[in-house]
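Presented below is the structure to which this report refers.
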2 protein chains.
Amino acid sequence: MADLRRLAEFGKFGSGVDRTAFSEADLAARRWLAGRMREGGLEARIDRLGNVCGRTPGAARTVVIGSHTDTVPKGGWLDGALGVIYGLEVARARLAAGTAKDLGIEVVSFQDEEGTFLPFLGARGFCGELEETALAEAQGKDGRSLLEAIAQAEFSGAPVRLDQSRQVAYLEAHIEQGPRLEAEGRRIGVVTEIVGLRRFRLTSEGRADHAGTTPMALRRDGGAPLLAFLARLGAEFPVLGGPDTVWNIGSVALAPGASNVVPSAGEAVLEFRDGDARRLDRLEAAIRGWVAAANAGGDASLRLAPIAREAPTAMAPALGRVIAAAAQAHGIEPLWLPSGAGHDAMVVGRYIDAAMLFIPSIGGRSHDIVEDTAEADIVLGAQVLSDTVARLARRDAG
Amino acid sequence: MADLRRLAEFGKFGSGVDRTAFSEADLAARRWLAGRMREGGLEARIDRLGNVCGRTPGAARTVVIGSHTDTVPKGGWLDGALGVIYGLEVARARLAAGTAKDLGIEVVSFQDEEGTFLPFLGARGFCGELEETALAEAQGKDGRSLLEAIAQAEFSGAPVRLDQSRQVAYLEAHIEQGPRLEAEGRRIGVVTEIVGLRRFRLTSEGRADHAGTTPMALRRDGGAPLLAFLARLGAEFPVLGGPDTVWNIGSVALAPGASNVVPSAGEAVLEFRDGDARRLDRLEAAIRGWVAAANAGGDASLRLAPIAREAPTAMAPALGRVIAAAAQAHGIEPLWLPSGAGHDAMVVGRYIDAAMLFIPSIGGRSHDIVEDTAEADIVLGAQVLSDTVARLARRDAG
């Protein structure tokens, strides 16, 4: 708790923190973290990208425990910081207990999970997914290029990299960022998968006309077919989707936007998320079918343009069951749930077994300075994660 | 045609005109008009409000022929100017033919039909509908108050007023401002009624949440119930409305408007128009019922606020039949149609028999500098209006 609270001083903003990747606060926090790792007996370094890694010495096999210490602007104090400090705590506890030789810990704070310059920059670098052209093209929200930010940070540690010959698993703890644990009265969540996302821009074209003098039959309304489509989505997705499918129509606009002018155009942004790629395919096929059907009638001119697409990433079920067993040993029945938000585990989980542990978010709030979790839940999460590693060590030895 | 073209020089803006009420161009146009009336042998004056009236001398009974010479910003060259110049032409023709003694003409250009300061200002003043408080409160779009604009115009003629003991009818010619005449290949329209209008703001309240991490069942979406309502309107109004009912959803907005945030609120503006007040009542009752039904489910928080309401105004059928007969004498079968836009006849028609004659708008366009009508149609309209007055004079004498 003391380390979590100390870390929240870097970039403190009201009750939250503003510590975007490569900001002064972020760089200072990463240097402080490496120092705390060394004070705790870990071998620590910060690589060129800003990934901080602290490793317990001597073990041939390790578990990577990580998340990220960068935040969104005006974000919360826990978010990714929680999982990093959990890792530090577990590593120190195992060093103190003399068990770190059996199965070591590599604690990692990945850089720029939040995408100030490039989403999942550190995790993608860790996995060898980054190409130099992507690095060279990335621009930060502060006007700097990513390469300028990297140069100014002057980090020079050896690359923090995936090593499947040594690392047996990746564990990430995080606040839920949603209301389900709280709503169901559960204190620990085990993530089944990180959901995939498809996001589209839907546009519609028509012709502006006087809304009083133009009979309905002589209009080409740029708004009505769009509104009919959006309502159809709202009516049919509850049937077509699975129990955990979520969708959102976040923005709608009609042009020119005057009460007495028939809209000449409309635009909406819609997205849907699910852990099952085949279900995402079915939902996309459905909306493409509705667009085609609307346009076939001749009255509509709808166009669907993809603007984001993320594949679902399954967490390793066996690893999740170890977390669940550790929770049950504390008398806690965990909730298995998908993660509706992206995490570093989404990237790392494509290469090695990965699992995520969630603790409740008060009111489901996150990415906001009001984000918080009860201290008892924070402590319980650390204990369950520590016990998970102990169980993995026994399994690894056995 | 020469007078119409000369009038279009006042406030000329590209192929259209920008001659809003009480602008320098508008005042100059009204002075020019009064001068042309006098040159044509009419007794002309401009009253305090800016209403221009030219009366053929000597007749105990008159027909008022009017419309307005003010325009919307960047408007068309015909719009209301057409009906005023038609009146001037008919008056001059009757003076020249020596028939103006039997049934005189009062040509009127009403002030501010377009509502730069106060919609239908001149026509309402003509009918004695204006209260001093409404005059004192009206503000122009140029920052002046109406009273300042009136004072600066320095018009001082006797009030142009309704006099039912003298005026037997009101005739207004206007461009259609819609596509029906053109679409049906008709050159003359006779207006059945000026439709009534009801306009509402529909708002919806919800709660912003992360659109990935918040399950559908735990959301209070500020957008979805609004979109469902709007689609219901689009689906049911074609059944509930009459053949000439028109409606429009001109603007929709969701807040905060981010793709991955569940909308916290939504807002739309909707309107519908019809010539039958009972049908407007039924449509309003239907949408109020849908709002109540949506809110009764507990998932929605919709609110409907009226923002404009205009009663329909029937034109005098007998007077319309005289226009139709005059058209038929030219070999033209006129189209009887409602006016979806408001006109000075809407105000005047509440007090004396009124009728409107429409001529086609090319492409249905108006309130835009591209507004135009074929010259042959402009000339035909003047002839039909002139013959209409001749028929009224015979009827009045008989």
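Each chain in the structure tokens gets a letter, A, B and so on, in the order shown; residues start at 1 in every chain, and ligands are counted from 1 in the order they appear.
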Q: Would you give me, as a ChimeraX atom specification, the residues of chain A that come within 7 Å of chain B, using only C-alpha atoms?
A: /A:177-179,211-216,224,227-228,230-231,234,244,246-254,257-263,269-270,273,339-341
Q | Spatial neighbours of Leu33 of chain A, 10 Å, only C-alpha atoms, chain gap at least 3 places, as a ChimeraX atom specification | A | /A:3,7,27-30,36-39,44-46,52-54,69,84-85,88,108-109
**Q.** Test item, helix (DSSP H, G or I) assignment across segment 1-167 of chain B, answer as a ChimeraX atom specification
**A.** /B:2-7,24-39,79-97,121-126,132-137,146-153
Q: If you run DSSP over the backbone, which residues in segment 12-108 of chain A end up strand (DSSP E)? Put them as a PyMOL selection string.
A: chain A and resi 12-13+16-17+43-46+52-55+62-68+104-108
Q: Name all residues at most 12 Å from Ala97 of chain A (count only C-alpha atoms; drop same-chain ones fewer than 6 positions away) and give them as a PyMOL selection string.
A: chain A and resi 90-91+386+390
Q: Write out as number ranges by chain each polymer residue whose atoms come within 9 Å of segment 131-135 of chain B, counting only C-alpha atoms; drop sequence neighbours fewer than 5 positions from it.
A: B: 118, 121, 125, 145-147
I need the residues from that last selection saved to file as a PDB file, in the first residue's frame (with all heavy atoms), if you can.
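Done, and the output landed in again06.pdb:
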```pdb
ATOM      1  N   LEU B 118     -39.133  39.823 -36.266  1.00  0.00           N
ATOM      2  CA  LEU B 118     -40.377  39.248 -35.737  1.00  0.00           C
ATOM      3  C   LEU B 118     -41.118  38.686 -36.949  1.00  0.00           C
ATOM      4  O   LEU B 118     -41.504  39.439 -37.838  1.00  0.00           O
ATOM      5  CB  LEU B 118     -41.198  40.371 -35.073  1.00  0.00           C
ATOM      6  CG  LEU B 118     -42.307  40.005 -34.099  1.00  0.00           C
ATOM      7  CD1 LEU B 118     -41.752  39.264 -32.889  1.00  0.00           C
ATOM      8  CD2 LEU B 118     -43.002  41.283 -33.625  1.00  0.00           C
ATOM      9  N   LEU B 121     -44.161  40.305 -39.118  1.00  0.00           N
ATOM     10  CA  LEU B 121     -44.339  41.598 -38.442  1.00  0.00           C
ATOM     11  C   LEU B 121     -45.368  42.472 -39.160  1.00  0.00           C
ATOM     12  O   LEU B 121     -46.326  42.958 -38.548  1.00  0.00           O
ATOM     13  CB  LEU B 121     -42.986  42.322 -38.388  1.00  0.00           C
ATOM     14  CG  LEU B 121     -43.030  43.802 -37.984  1.00  0.00           C
ATOM     15  CD1 LEU B 121     -43.407  43.944 -36.517  1.00  0.00           C
ATOM     16  CD2 LEU B 121     -41.679  44.479 -38.248  1.00  0.00           C
ATOM     17  N   GLY B 125     -49.141  43.398 -38.012  1.00  0.00           N
ATOM     18  CA  GLY B 125     -49.509  44.795 -37.783  1.00  0.00           C
ATOM     19  C   GLY B 125     -50.733  45.162 -38.612  1.00  0.00           C
ATOM     20  O   GLY B 125     -51.663  45.810 -38.122  1.00  0.00           O
ATOM     21  N   SER B 145     -32.405  46.329 -31.728  1.00  0.00           N
ATOM     22  CA  SER B 145     -33.769  45.970 -31.346  1.00  0.00           C
ATOM     23  C   SER B 145     -34.674  46.389 -32.499  1.00  0.00           C
ATOM     24  O   SER B 145     -34.310  47.236 -33.326  1.00  0.00           O
ATOM     25  CB  SER B 145     -34.173  46.685 -30.065  1.00  0.00           C
ATOM     26  OG  SER B 145     -34.352  48.070 -30.331  1.00  0.00           O
ATOM     27  N   LEU B 146     -35.872  45.792 -32.527  1.00  0.00           N
ATOM     28  CA  LEU B 146     -36.832  46.160 -33.572  1.00  0.00           C
ATOM     29  C   LEU B 146     -37.184  47.643 -33.470  1.00  0.00           C
ATOM     30  O   LEU B 146     -37.279  48.341 -34.499  1.00  0.00           O
ATOM     31  CB  LEU B 146     -38.092  45.290 -33.425  1.00  0.00           C
ATOM     32  CG  LEU B 146     -39.259  45.634 -34.354  1.00  0.00           C
ATOM     33  CD1 LEU B 146     -38.829  45.585 -35.819  1.00  0.00           C
ATOM     34  CD2 LEU B 146     -40.421  44.695 -34.104  1.00  0.00           C
ATOM     35  N   LEU B 147     -37.355  48.148 -32.244  1.00  0.00           N
ATOM     36  CA  LEU B 147     -37.734  49.555 -32.092  1.00  0.00           C
ATOM     37  C   LEU B 147     -36.636  50.483 -32.615  1.00  0.00           C
ATOM     38  O   LEU B 147     -36.930  51.512 -33.228  1.00  0.00           O
ATOM     39  CB  LEU B 147     -38.088  49.861 -30.636  1.00  0.00           C
ATOM     40  CG  LEU B 147     -39.376  49.167 -30.131  1.00  0.00           C
ATOM     41  CD1 LEU B 147     -39.659  49.529 -28.682  1.00  0.00           C
ATOM     42  CD2 LEU B 147     -40.576  49.532 -31.029  1.00  0.00           C
TER      43      LEU B 147
END
```
Q) So which residues touch Gly320 of chain B within 7 Å, counting only C-alpha atoms, skipping near sequence neighbours fewer than 4 positions away, as a list in words? A)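 With the cut-off at 7 Å, the set is Val190, Ala316, Ala324 and Ala355 of chain B.
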Selected residues written out with C-alpha atoms, as a compact mmCIF listing (two decimals), in the first residue's frame:
```
# COMPACT_ATOMS: atom_id res chain seq x y z
CA VAL B 190 -53.89 26.77 -55.99
CA ALA B 316 -61.11 30.42 -49.00
CA ALA B 324 -58.51 27.76 -60.92
CA ALA B 355 -56.20 32.67 -51.63
```
Q. For the atom pair atom CA of His68 of chain A and atom CA of Ala81 of chain A, what is the interatomic distance in Å to one decimal place?
A.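 Distance between the two atoms: 5.9 Å.
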Q. Expressed in Å to a single decimal, how great is the separation between atom CA of Trp290 of chain B and atom CA of Arg198 of chain B?
A.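 These atoms are spaced 16.4 Å apart.
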Q.
Would you compute the distance between atom CA of Pro360 of chain A and atom CA of Arg187 of chain A? Give it in Å to one decimal.
A.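 Computing the Euclidean distance for atom CA of Pro360 of chain A and atom CA of Arg187 of chain A yields 6.1 Å.
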